[in-house]
Every structure is written in structure tokens, then in C-alpha cells.
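query14.cif follows; it contains mmCIF, C-alpha atoms.
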```cif
data_start
loop_
_atom_site.label_atom_id
_atom_site.label_comp_id
_atom_site.auth_asym_id
_atom_site.auth_seq_id
_atom_site.Cartn_x
_atom_site.Cartn_y
_atom_site.Cartn_z
CA MET A 104 47.74 -28.71 -3.08
CA ASN A 105 47.92 -32.30 -4.27
CA VAL A 106 45.80 -33.78 -7.08
CA ASP A 107 43.09 -35.03 -4.73
CA GLU A 108 42.78 -31.65 -3.10
CA ALA A 109 42.60 -29.96 -6.49
CA ASP A 110 39.81 -32.35 -7.54
CA GLU A 111 38.01 -31.61 -4.31
CA ALA A 112 38.32 -27.86 -4.94
CA ASP A 113 37.05 -28.27 -8.52
CA ARG A 114 34.08 -30.22 -7.29
CA ALA A 115 33.34 -27.56 -4.65
CA ASP A 116 33.53 -24.90 -7.39
CA ASP A 117 31.14 -26.93 -9.52
CA THR A 118 28.74 -27.35 -6.62
CA ALA A 119 28.84 -23.64 -5.86
CA ARG A 120 28.34 -22.87 -9.54
CA PHE A 121 25.46 -25.30 -9.81
CA ASP A 122 23.84 -23.92 -6.67
CA SER A 123 24.24 -20.38 -7.89
CA ASN A 124 22.79 -21.31 -11.30
CA ALA A 125 19.94 -23.25 -9.71
CA ARG A 126 19.19 -20.37 -7.37
CA GLU A 127 19.19 -17.88 -10.24
CA ALA A 128 16.87 -20.15 -12.26
CA ILE A 129 14.49 -20.60 -9.34
CA MET A 130 14.48 -16.86 -8.65
CA GLU A 131 13.75 -16.06 -12.29
CA ALA A 132 10.96 -18.66 -12.31
CA THR A 133 9.56 -17.11 -9.13
CA TYR A 134 9.60 -13.70 -10.77
CA ARG A 135 7.65 -14.97 -13.79
CA ALA A 136 5.21 -16.94 -11.65
CA LEU A 137 4.56 -13.88 -9.45
CA CYS A 138 3.82 -11.77 -12.54
CA ALA A 139 1.46 -14.42 -13.91
CA HIS A 140 -0.37 -15.46 -10.72
CA GLY A 141 0.14 -12.76 -8.09
CA ALA A 142 1.48 -13.42 -4.59
CA VAL A 143 -1.63 -14.83 -2.93
CA ASP A 144 -2.55 -17.47 -5.51
CA LEU A 145 1.06 -18.46 -6.13
CA THR A 146 1.89 -22.14 -5.71
CA THR A 147 5.24 -23.92 -5.85
CA ARG A 148 3.73 -25.90 -8.75
CA ALA A 149 3.32 -22.64 -10.71
CA ILE A 150 6.93 -21.73 -9.94
CA ALA A 151 8.12 -25.20 -11.02
CA ASP A 152 6.13 -24.83 -14.27
CA GLU A 153 8.05 -21.63 -15.06
CA PHE A 154 11.27 -23.36 -14.08
CA ASP A 155 10.85 -26.37 -16.33
CA LYS A 156 12.09 -28.63 -13.56
CA SER A 157 10.47 -30.62 -10.79
CA ARG A 158 9.11 -29.14 -7.57
CA SER A 159 11.43 -31.45 -5.67
CA LEU A 160 14.42 -29.34 -6.77
CA ILE A 161 12.68 -26.31 -5.28
CA PHE A 162 12.02 -28.14 -2.04
CA TYR A 163 15.63 -29.32 -2.01
CA HIS A 164 16.63 -25.66 -1.74
CA TYR A 165 13.70 -24.15 0.18
CA ASP A 166 11.61 -25.45 3.07
CA SER A 167 8.34 -23.95 1.90
CA LYS A 168 6.74 -21.42 -0.43
CA GLU A 169 7.13 -18.84 2.36
CA ASP A 170 10.84 -19.61 2.70
CA LEU A 171 11.26 -19.30 -1.08
CA LEU A 172 9.41 -15.98 -1.24
CA ALA A 173 11.38 -14.53 1.69
CA SER A 174 14.59 -15.56 -0.16
CA PHE A 175 13.18 -13.97 -3.29
CA LEU A 176 12.82 -10.67 -1.42
CA ALA A 177 16.48 -10.95 -0.34
CA TYR A 178 17.41 -11.65 -3.98
CA LEU A 179 15.55 -8.50 -5.08
CA LEU A 180 17.58 -6.51 -2.58
CA GLU A 181 20.84 -7.97 -3.95
CA ARG A 182 19.79 -7.06 -7.49
CA PHE A 183 18.82 -3.57 -6.39
CA GLU A 184 22.15 -3.14 -4.58
CA GLU A 185 24.01 -4.19 -7.75
CA ARG A 186 21.99 -1.77 -9.88
CA MET A 187 22.46 1.12 -7.47
CA GLY A 188 26.16 0.26 -7.05
CA THR A 189 26.77 0.78 -10.75
CA THR A 190 24.89 4.09 -10.88
CA CYS A 191 26.89 5.80 -8.12
CA MET A 192 27.26 9.44 -9.10
CA GLU A 193 29.65 12.08 -7.92
CA ASP A 194 26.98 14.75 -7.54
CA PRO A 195 24.63 14.07 -4.58
CA THR A 196 21.75 15.93 -6.27
CA GLU A 197 22.00 13.74 -9.36
CA GLN A 198 22.35 10.61 -7.24
CA LEU A 199 19.28 11.49 -5.18
CA ASP A 200 17.33 12.25 -8.33
CA ALA A 201 18.25 8.92 -9.95
CA LEU A 202 17.32 7.00 -6.80
CA ILE A 203 13.91 8.68 -6.53
CA ASP A 204 13.15 7.98 -10.19
CA ALA A 205 14.31 4.36 -9.94
CA LEU A 206 12.01 3.71 -6.98
CA LEU A 207 9.06 5.71 -8.24
CA PHE A 208 8.93 4.76 -11.89
CA GLY A 209 11.03 1.57 -11.91
CA PRO A 210 11.31 -0.49 -15.07
CA ALA A 211 8.26 0.37 -17.17
CA ASP A 212 7.17 -3.18 -17.98
CA HIS A 213 6.77 -4.28 -14.39
CA GLU A 214 3.17 -3.45 -13.51
CA ASP A 215 2.19 -7.09 -12.93
CA PHE A 216 5.24 -7.49 -10.79
CA GLN A 217 4.48 -4.39 -8.71
CA THR A 218 0.97 -5.75 -8.22
CA ALA A 219 2.36 -9.07 -7.00
CA MET A 220 4.77 -7.27 -4.67
CA LEU A 221 1.93 -5.30 -3.11
CA GLY A 222 0.13 -8.62 -2.52
CA LEU A 223 3.22 -10.02 -0.82
CA ARG A 224 3.71 -6.90 1.22
CA SER A 225 0.08 -6.98 2.39
CA GLN A 226 0.83 -10.47 3.74
CA ALA A 227 3.80 -9.19 5.76
CA PRO A 228 1.72 -8.43 8.87
CA TYR A 229 0.74 -12.13 8.98
CA ASN A 230 4.14 -13.59 8.09
CA GLY A 231 7.28 -13.00 10.14
CA ALA A 232 9.72 -14.00 7.37
CA TYR A 233 8.20 -11.60 4.82
CA ARG A 234 7.94 -8.84 7.42
CA GLU A 235 11.59 -9.21 8.42
CA GLN A 236 12.81 -9.18 4.82
CA PHE A 237 10.65 -6.19 3.85
CA ARG A 238 12.03 -4.45 6.94
CA ILE A 239 15.61 -5.21 5.82
CA ASN A 240 14.91 -4.07 2.24
CA GLY A 241 13.15 -0.92 3.47
CA GLU A 242 15.97 -0.14 5.90
CA TYR A 243 18.51 -0.52 3.07
CA VAL A 244 16.66 1.99 0.87
CA HIS A 245 16.17 4.33 3.82
CA GLY A 246 19.93 4.08 4.43
CA LEU A 247 20.70 4.86 0.77
CA PHE A 248 18.61 8.02 0.99
CA ARG A 249 20.17 9.00 4.33
CA GLY A 250 23.66 8.38 2.93
CA VAL A 251 23.28 10.55 -0.16
CA ILE A 252 21.59 13.31 1.87
CA GLU A 253 24.36 13.24 4.50
CA ARG A 254 26.96 13.44 1.74
CA GLY A 255 25.14 16.42 0.21
CA VAL A 256 24.93 18.18 3.57
CA GLU A 257 28.66 17.62 4.24
CA ARG A 258 29.56 19.10 0.88
CA GLY A 259 27.28 22.06 1.38
CA ALA A 260 25.16 21.05 -1.62
CA PHE A 261 22.15 20.61 0.68
CA ALA A 262 20.98 22.70 3.61
CA GLU A 263 21.36 21.32 7.16
CA VAL A 264 18.42 18.93 7.45
CA ASP A 265 17.53 15.75 9.31
CA PRO A 266 18.51 13.10 6.71
CA SER A 267 16.42 10.42 8.40
CA ARG A 268 13.24 12.49 8.32
CA ILE A 269 13.72 13.42 4.67
CA ALA A 270 14.32 9.74 3.85
CA THR A 271 11.07 8.77 5.58
CA MET A 272 9.20 11.52 3.70
CA LEU A 273 10.57 10.22 0.39
CA LEU A 274 9.58 6.62 1.15
CA ILE A 275 6.06 7.57 2.33
CA THR A 276 5.44 9.47 -0.88
CA ILE A 277 6.90 6.76 -3.12
CA ASP A 278 4.97 3.98 -1.34
CA GLY A 279 1.70 5.92 -1.51
CA ALA A 280 2.08 6.76 -5.20
CA ARG A 281 2.94 3.20 -6.18
CA MET A 282 0.06 1.82 -4.15
CA ARG A 283 -2.37 4.16 -5.95
CA PHE A 284 -0.81 3.33 -9.29
CA VAL A 285 -1.17 -0.40 -8.69
CA THR A 286 -4.60 -0.54 -7.03
CA LEU A 287 -6.41 2.30 -8.80
CA GLY A 288 -4.48 2.38 -12.08
CA ASP A 289 -3.78 6.00 -11.17
CA ASP A 290 -0.57 6.77 -13.04
CA GLU A 291 -1.05 10.50 -12.45
CA SER A 292 -0.11 9.65 -8.85
CA LEU A 293 3.45 8.84 -9.90
CA HIS A 294 3.95 12.22 -11.55
CA THR A 295 2.14 14.09 -8.77
CA ALA A 296 4.38 12.29 -6.27
CA ARG A 297 7.45 13.44 -8.13
CA LYS A 298 6.19 17.06 -7.94
CA VAL A 299 5.35 16.68 -4.23
CA ILE A 300 8.87 15.37 -3.62
CA ASP A 301 10.46 18.20 -5.59
CA ASP A 302 8.43 20.74 -3.59
CA GLN A 303 9.51 19.09 -0.36
CA LEU A 304 13.17 19.02 -1.40
CA ASP A 305 13.03 22.68 -2.48
CA ARG A 306 11.69 23.50 0.96
CA THR A 307 14.24 21.41 2.86
CA LEU A 308 17.47 20.33 1.12
CA PHE A 309 17.48 23.31 -1.21
CA ALA A 310 16.06 25.88 1.20
CA GLY A 311 18.15 29.01 0.82
CA THR A 312 20.49 27.41 -1.73
CA GLY A 313 18.44 27.99 -4.89
CA PRO A 314 17.27 31.00 -6.86
CA GLU A 315 13.89 31.24 -5.06
CA MET B 145 -55.93 2.65 2.65
CA ASN B 146 -58.04 -0.39 3.65
CA VAL B 147 -57.08 -2.94 6.26
CA ASP B 148 -55.44 -5.28 3.74
CA GLU B 149 -53.36 -2.47 2.28
CA ALA B 150 -52.28 -1.39 5.75
CA ASP B 151 -51.27 -4.99 6.56
CA GLU B 152 -49.33 -5.11 3.29
CA ALA B 153 -47.55 -1.86 4.15
CA ASP B 154 -46.72 -3.15 7.63
CA ARG B 155 -45.31 -6.32 6.19
CA ALA B 156 -43.21 -4.32 3.70
CA ASP B 157 -41.92 -2.21 6.60
CA ASP B 158 -41.06 -5.36 8.54
CA THR B 159 -39.27 -6.84 5.55
CA ALA B 160 -37.28 -3.64 5.03
CA ARG B 161 -36.46 -3.52 8.76
CA PHE B 162 -35.45 -7.18 8.78
CA ASP B 163 -33.29 -6.71 5.71
CA SER B 164 -31.66 -3.65 7.17
CA ASN B 165 -31.00 -5.42 10.48
CA ALA B 166 -29.73 -8.53 8.73
CA ARG B 167 -27.44 -6.44 6.54
CA GLU B 168 -26.10 -4.54 9.55
CA ALA B 169 -25.49 -7.83 11.40
CA ILE B 170 -23.72 -9.38 8.40
CA MET B 171 -21.60 -6.25 7.91
CA GLU B 172 -20.60 -6.21 11.58
CA ALA B 173 -19.75 -9.92 11.43
CA THR B 174 -17.66 -9.26 8.30
CA TYR B 175 -15.81 -6.51 10.12
CA ARG B 176 -14.98 -8.82 13.05
CA ALA B 177 -14.01 -11.70 10.76
CA LEU B 178 -11.72 -9.43 8.72
CA CYS B 179 -9.98 -8.27 11.91
CA ALA B 180 -9.56 -11.87 13.09
CA HIS B 181 -8.56 -13.58 9.80
CA GLY B 182 -7.42 -10.90 7.34
CA ALA B 183 -8.83 -10.51 3.83
CA VAL B 184 -7.04 -13.32 2.04
CA ASP B 185 -7.81 -16.17 4.46
CA LEU B 186 -11.36 -14.98 5.07
CA THR B 187 -14.12 -17.54 4.46
CA THR B 188 -17.89 -17.11 4.56
CA ARG B 189 -17.81 -19.74 7.33
CA ALA B 190 -15.65 -17.43 9.46
CA ILE B 191 -18.12 -14.60 8.81
CA ALA B 192 -21.07 -16.85 9.70
CA ASP B 193 -19.27 -17.84 12.93
CA GLU B 194 -19.07 -14.17 13.93
CA PHE B 195 -22.68 -13.75 12.91
CA ASP B 196 -24.05 -16.59 15.01
CA LYS B 197 -26.30 -17.58 12.10
CA SER B 198 -26.05 -19.99 9.21
CA ARG B 199 -24.03 -19.37 6.05
CA SER B 200 -27.24 -19.85 4.07
CA LEU B 201 -28.54 -16.49 5.35
CA ILE B 202 -25.35 -14.88 3.99
CA PHE B 203 -25.79 -16.57 0.64
CA TYR B 204 -29.44 -15.51 0.61
CA HIS B 205 -28.22 -11.91 0.56
CA TYR B 206 -24.90 -12.22 -1.31
CA ASP B 207 -23.85 -14.30 -4.31
CA SER B 208 -20.31 -14.98 -3.11
CA LYS B 209 -17.62 -13.91 -0.67
CA GLU B 210 -16.44 -11.41 -3.30
CA ASP B 211 -19.94 -9.93 -3.62
CA LEU B 212 -20.18 -9.66 0.17
CA LEU B 213 -16.77 -7.97 0.48
CA ALA B 214 -17.55 -5.49 -2.33
CA SER B 215 -20.81 -4.66 -0.48
CA PHE B 216 -18.80 -4.31 2.71
CA LEU B 217 -16.61 -1.67 1.02
CA ALA B 218 -19.78 0.20 -0.02
CA TYR B 219 -21.01 -0.06 3.58
CA LEU B 220 -17.73 1.43 4.85
CA LEU B 221 -18.24 4.37 2.49
CA GLU B 222 -21.79 4.91 3.84
CA ARG B 223 -20.47 4.87 7.41
CA PHE B 224 -17.68 7.28 6.50
CA GLU B 225 -20.18 9.61 4.77
CA GLU B 226 -22.33 9.61 7.91
CA ARG B 227 -19.35 10.36 10.14
CA MET B 228 -18.07 13.14 7.89
CA GLY B 229 -21.62 14.52 7.49
CA THR B 230 -21.90 15.10 11.23
CA THR B 231 -18.50 16.75 11.50
CA CYS B 232 -19.10 19.44 8.88
CA MET B 233 -17.39 22.60 10.08
CA GLU B 234 -17.89 26.18 9.10
CA ASP B 235 -14.17 26.91 8.83
CA PRO B 236 -12.55 25.19 5.78
CA THR B 237 -9.14 25.03 7.53
CA GLU B 238 -10.64 23.16 10.50
CA GLN B 239 -12.65 20.91 8.21
CA LEU B 240 -9.57 20.02 6.14
CA ASP B 241 -7.59 19.36 9.29
CA ALA B 242 -10.25 17.05 10.74
CA LEU B 243 -10.51 15.12 7.47
CA ILE B 244 -6.73 14.59 7.24
CA ASP B 245 -6.56 13.38 10.84
CA ALA B 246 -9.56 11.07 10.41
CA LEU B 247 -7.98 9.42 7.37
CA LEU B 248 -4.42 9.34 8.69
CA PHE B 249 -4.92 8.26 12.28
CA GLY B 250 -8.46 6.84 12.15
CA PRO B 251 -9.92 5.11 15.18
CA ALA B 252 -6.93 3.99 17.27
CA ASP B 253 -8.02 0.39 17.86
CA HIS B 254 -8.24 -0.54 14.21
CA GLU B 255 -4.79 -1.83 13.32
CA ASP B 256 -6.03 -5.36 12.53
CA PHE B 257 -8.72 -3.84 10.42
CA GLN B 258 -6.31 -1.60 8.51
CA THR B 259 -4.16 -4.67 7.88
CA ALA B 260 -7.16 -6.56 6.50
CA MET B 261 -8.11 -3.58 4.32
CA LEU B 262 -4.61 -3.48 2.81
CA GLY B 263 -5.00 -7.17 2.01
CA LEU B 264 -8.30 -6.51 0.29
CA ARG B 265 -6.89 -3.54 -1.57
CA SER B 266 -3.94 -5.57 -2.79
CA GLN B 267 -6.50 -7.96 -4.33
CA ALA B 268 -8.19 -5.12 -6.22
CA PRO B 269 -5.99 -5.50 -9.33
CA TYR B 270 -7.27 -9.09 -9.66
CA ASN B 271 -10.93 -8.44 -8.79
CA GLY B 272 -13.15 -6.05 -10.74
CA ALA B 273 -15.77 -5.68 -7.99
CA TYR B 274 -13.20 -4.68 -5.35
CA ARG B 275 -11.40 -2.40 -7.78
CA GLU B 276 -14.61 -0.60 -8.73
CA GLN B 277 -15.66 -0.09 -5.12
CA PHE B 278 -12.20 1.08 -4.02
CA ARG B 279 -12.34 3.49 -6.98
CA ILE B 280 -15.73 4.81 -5.84
CA ASN B 281 -14.57 5.15 -2.22
CA GLY B 282 -11.33 6.83 -3.29
CA GLU B 283 -13.17 9.20 -5.62
CA TYR B 284 -15.54 10.15 -2.78
CA VAL B 285 -12.64 11.04 -0.47
CA HIS B 286 -10.85 12.88 -3.28
CA GLY B 287 -14.10 14.82 -3.85
CA LEU B 288 -14.38 15.68 -0.15
CA PHE B 289 -10.87 17.14 -0.23
CA ARG B 290 -11.56 19.01 -3.48
CA GLY B 291 -14.81 20.37 -2.04
CA VAL B 292 -13.33 21.77 1.14
CA ILE B 293 -10.34 23.23 -0.73
CA GLU B 294 -12.64 24.87 -3.32
CA ARG B 295 -14.72 26.35 -0.51
CA GLY B 296 -11.57 27.71 1.16
CA VAL B 297 -10.35 29.23 -2.10
CA GLU B 298 -13.74 30.90 -2.75
CA ARG B 299 -13.72 32.43 0.72
CA GLY B 300 -10.16 33.64 0.36
CA ALA B 301 -9.00 31.44 3.26
CA PHE B 302 -6.73 29.50 0.87
CA ALA B 303 -4.53 30.73 -1.97
CA GLU B 304 -5.55 30.02 -5.58
CA VAL B 305 -4.48 26.40 -6.06
CA ASP B 306 -5.49 23.39 -8.10
CA PRO B 307 -7.81 21.62 -5.63
CA SER B 308 -7.57 18.33 -7.50
CA ARG B 309 -3.78 18.23 -7.36
CA ILE B 310 -3.72 19.07 -3.66
CA ALA B 311 -6.30 16.32 -3.04
CA THR B 312 -4.13 13.79 -4.89
CA MET B 313 -1.07 14.88 -2.89
CA LEU B 314 -2.99 14.39 0.36
CA LEU B 315 -4.17 10.91 -0.62
CA ILE B 316 -0.71 9.79 -1.81
CA THR B 317 0.82 10.82 1.50
CA ILE B 318 -1.97 9.28 3.60
CA ASP B 319 -1.89 5.99 1.62
CA GLY B 320 1.90 5.76 1.86
CA ALA B 321 1.99 6.45 5.59
CA ARG B 322 -0.76 3.95 6.38
CA MET B 323 0.90 1.31 4.22
CA ARG B 324 4.19 1.75 6.11
CA PHE B 325 2.38 1.78 9.42
CA VAL B 326 0.58 -1.48 8.61
CA THR B 327 3.38 -3.43 6.89
CA LEU B 328 6.44 -2.20 8.78
CA GLY B 329 4.82 -1.23 12.10
CA ASP B 330 6.31 2.19 11.42
CA ASP B 331 4.04 4.53 13.37
CA GLU B 332 6.54 7.38 12.99
CA SER B 333 5.35 7.40 9.37
CA LEU B 334 1.93 8.66 10.42
CA HIS B 335 3.40 11.64 12.28
CA THR B 336 6.00 12.33 9.60
CA ALA B 337 3.18 12.24 7.02
CA ARG B 338 1.24 14.81 8.99
CA LYS B 339 4.33 17.09 8.99
CA VAL B 340 4.88 16.52 5.26
CA ILE B 341 1.24 17.45 4.64
CA ASP B 342 1.47 20.58 6.80
CA ASP B 343 4.62 21.64 4.91
CA GLN B 344 2.87 21.07 1.60
CA LEU B 345 -0.22 23.00 2.68
CA ASP B 346 1.93 25.88 3.98
CA ARG B 347 3.55 26.00 0.57
CA THR B 348 0.30 25.83 -1.41
CA LEU B 349 -3.01 26.66 0.31
CA PHE B 350 -1.40 28.99 2.83
CA ALA B 351 1.28 30.45 0.55
CA GLY B 352 1.30 34.19 1.15
CA THR B 353 -1.57 34.02 3.65
CA GLY B 354 0.40 33.12 6.79
CA PRO B 355 3.05 34.81 8.90
CA GLU B 356 5.99 33.18 7.02
#
```

How does the structure come out when it is put into C-alpha cells?
Amino acid sequence: MNVDEADEADRADDTARFDSNAREAIMEATYRALCAHGAVDLTTRAIADEFDKSRSLIFYHYDSKEDLLASFLAYLLERFEERMGTTCMEDPTEQLDALIDALLFGPADHEDFQTAMLGLRSQAPYNGAYREQFRINGEYVHGLFRGVIERGVERGAFAEVDPSRIATMLLITIDGARMRFVTLGDDESLHTARKVIDDQLDRTLFAGTGPE
Amino acid sequence: MNVDEADEADRADDTARFDSNAREAIMEATYRALCAHGAVDLTTRAIADEFDKSRSLIFYHYDSKEDLLASFLAYLLERFEERMGTTCMEDPTEQLDALIDALLFGPADHEDFQTAMLGLRSQAPYNGAYREQFRINGEYVHGLFRGVIERGVERGAFAEVDPSRIATMLLITIDGARMRFVTLGDDESLHTARKVIDDQLDRTLFAGTGPE
């Protein structure tokens, strides 16, 4: 590599670093703006206000508010993947437990954010980009559940079950409880959901393996 | 009653009839406009277009779009009460079954409407009138479930359970399945939810009463 090429490579690194920093800053601004304004009333101006930079920088990176929000959903998935990657546990029962709790209770300070996410999700039927990204995110979580259940079945920790059906059951219950928590302020739903899930797992994964 | 009083009474009847007809027509127009436009993009103009009358008649009866939509939620509850009132069954098991199916599967042609309702519900955290009416509607359905479960327990058809907790479990599962059906087009969720519910009821209401 000659000096020119090295310069070129440095510049490319800088560009990549700048882009990655800019993206991170825009994503964090989007997060704050969603918490403050909700998904429906969100404007790119509100995002730019949180970002402390001009809207033109946002439009340099994203074609529209819809494009930005679809990218934001992809960013959430990346973050979730990172978080779940670092909490990989040897024991499938513990891993399943941690995953259920992460999805059901999430970080405690995020009620405004959950509310905004429900607003965005309710727009998915009208917006192909949101729908596709929610489908990808949902499929990833479904796959995580299937994976840990399959691993548990292989090791004999869980009974022979249909991992896909159990995963769907878990996601139905988690979605329903979070919806009730967000729209009705019903936080009992979260704890009831956890009990419903435990009952279901006792009856399926742990059928014949436990002391009952 | 003299002639004047009779005239007065007739006029009052006419006014009541007109109001009731006008309300029904506005509610039906709101239903159609919600199916066509969703909850977020809905305007009173779109409702008036479905209504074939002027917006002023809507504003004569309702202060705002929000007031109209909150009234629409109350109207849905009235309609649901009427429908459930006529399907009262002697056998608590049959009654519970019919109620679950009505809420889970609903009328088959209503996907656009369910989508619009999710949009409205996702606005509830930001709108006190919607939130209050969703709370009332949800409490009514929770009470219906509690009522039929209590009746079944009294008759010995169901095991001794906490009717309120079972009702919450049913509503979590139904809400979650409908949300997935609407936002992900996942109609397997509805059938999986029905199986999850049956498993839960076998384990609770029918624990020790069935052939298992």
C-alpha cells in the first residue's frame, strides 16, 4: 500500500466512523423523540430538535420519516441481538427464563417508549416498510425461542414439544400483556402473563420432567 | 292530557326518534370511514362523506372527532351487550366457549375494522376519552368472563378458581392473538391462542373434573 492508498483508506475509515456516529446520533434522537411525541405525531423536525443538528442531515441519510423509522426498527433489532448475545447461558431453562423476562418486563423506565412502539406497530398494516421490519424483528425473536427450546429438547431438559408452537404461544402472551399494560395501565397483566406462561411451560416443556 | 300536551309528547317522540336515527347513521358512517381510512388518518370530512350529510350535523351532535370516536367506542359496547344478551346460554361451559370465540374470531369480514381499532387503542395512552372508554369496555368484558366463571363454579361445573385471574388470562391471550393477526397477518395466532386457552382452562376450570 503506497501513501496515497493509505490516505484513501484512512479517509474511508473516517467516513465509515462518521456515518456510524451520525447514525447512532440520529437513532438516539429518534428514540428520545418517540418517547416525547409518540409515533403518530412524530415529525422529522422533532427528531432534529433532539439531535441538535439540522433536518437536512437526517434527509441526507434517510429518504423520509417512514424510511427513518423502518431503519430505527432494524436498529432496535441489532441492539436486541447484541444484548441477547451477551446473555447466552449454558442452561436452556435459564436462557428461556431470561428471554421471557427481557421481553415481558423490559427495561423499567421505558413505558413511553413502549407506548410509542405500539403506535408504530398499529401503523404497520398501512405501511409496508414498518410491516416488513416488524415481521423481521418478530421472526428473529420467534427464532430465538425456537432455538433455545430445540436445544433444551435435544439435551433432554425439555419434553418433546413443537418448538414453533411454544414460541408462538410465548409471543401471543407477551404481546397481549404488553398491550394491556400500555393501553390500560394494567401492570397486573405482566405478572399474570408470567404465571400463564409458567403454567403453559409446566404443561408442555416440563410435562413429566418435574416433581408434579 | 290535552291536545297541546299530546302534540308536545309527539314532538318529543319525533325528536328522540330523529336523534336516535341520526346517531345510528353517524355511528354507521364512522364504522365505514374507520374501515376505509384507519383511526389515525380519519377526518370528520371522511365520516361525513360516508354519511351523505354535512359535517355540521356531526358537529351538532359531537364536539370533536375525539368526542365522536369515544362515543363510537361506547356504541360498540352497547352493540356487543345486545349481541351477548341474546346469546345467553344455560350451560356455563357453552357460554364461556361462545364468548371466547366471539372475541377471538369475531365477524370474519372485519379485518380492516380490527386494524382501525388497534390504531385507536394505540392512541389511548395519549387521549383520556379513548382511554376511559376502552377501560369501560374492557372492564365489561372482564366482568362477563368473571360472571360466567363464577356461575360455573357455583354450579360445580368448574373447579374452585379465581375468576378474575382466569378472566385476565383470557383477555391477555385474546388481545395478543388479535394484535399479531392484525399487525403481522398471522392468522395462525388466533388458532394457537384458542389452543393455549383450552390448555389453560383444562388446567384450571376443568382441573380434576375431566377425563384426564

| Between atom CA of A:Ala149 and atom CA of A:Ala132, what is the spacing in Å? |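 Between these atoms lies a distance of 8.8 Å.
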
| Explicit residue set for the PyMOL selection byres ((chain A) within 10 of (chain B)), as a PyMOL selection string | chain A and resi 140-144+215+218-229+233-235+237-238+241+268-269+271-289+291-293+295-296+298-300+302-303+306-307

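When atom CA of B:Phe224 is paired with atom CA of B:Leu345, their separation reads 23.8 Å.
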
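Using only C-alpha atoms, the protein and nucleic acid residues lying no more than 12 Å from B:Gly291, apart from those fewer than 5 places from it along its own chain, are Cys232, Pro236, Gln239, Leu240, Leu243, Glu283, Tyr284, Val285, His286, Gly296, Val297, Glu298, Asp306, Pro307, Ser308, Ile310 and Ala311 of chain B.
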
| task | Can you work out the spacing between atom CA of B:Ser198 and atom CA of B:Asn165 in Å, to one decimal? | result | 15.4 Å

| Proximity to B:Arg338 - best of B:Asp241, B:Phe203, B:Asn281, B:Glu255, all atoms listed in the file |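 For B:Arg338, the nearest of the given residues is B:Asp241.
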
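When all atoms listed in the file are used to compute distances to A:Leu247, the closest of the residues A:Thr147, A:Leu160, A:Glu184, A:Ala173 turns out to be A:Glu184.
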
| A:Tyr165 surroundings by only C-alpha atoms, 12 Å radius, close-in-sequence under 6 positions cut, as an MDAnalysis selection string | chainID A and resid 125:126 129:130 147 158:159 171:175

How would the residues just picked look written out with C-alpha atoms as a tab-separated table (two decimals), in the coordinates of the input?
```tsv
chain	number	residue	atom	x	y	z
A	125	ALA	CA	19.94	-23.25	-9.71
A	126	ARG	CA	19.19	-20.37	-7.37
A	129	ILE	CA	14.49	-20.60	-9.34
A	130	MET	CA	14.48	-16.86	-8.65
A	147	THR	CA	5.24	-23.92	-5.85
A	158	ARG	CA	9.11	-29.14	-7.57
A	159	SER	CA	11.43	-31.45	-5.67
A	171	LEU	CA	11.26	-19.30	-1.08
A	172	LEU	CA	9.41	-15.98	-1.24
A	173	ALA	CA	11.38	-14.53	1.69
A	174	SER	CA	14.59	-15.56	-0.16
A	175	PHE	CA	13.18	-13.97	-3.29
```

| field | Minimum-distance residue to B:Glu234, chosen among B:Glu210, B:Phe257, B:Val292, B:Glu194 (using all atoms listed in the file) | value |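 Under the stated criterion, the closest residue is B:Val292.
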
| query | Which one of B:Leu248, B:Met233, B:Val305, B:Ile191 sits closest to B:His335 if you count all atoms listed in the file? | reply | B:Leu248

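Nearest-residue note for A:Glu197: choosing from A:Ser123, A:Ile161, A:Ile252, A:Tyr134, the minimum distance belongs to A:Ile252, counting all atoms listed in the file.
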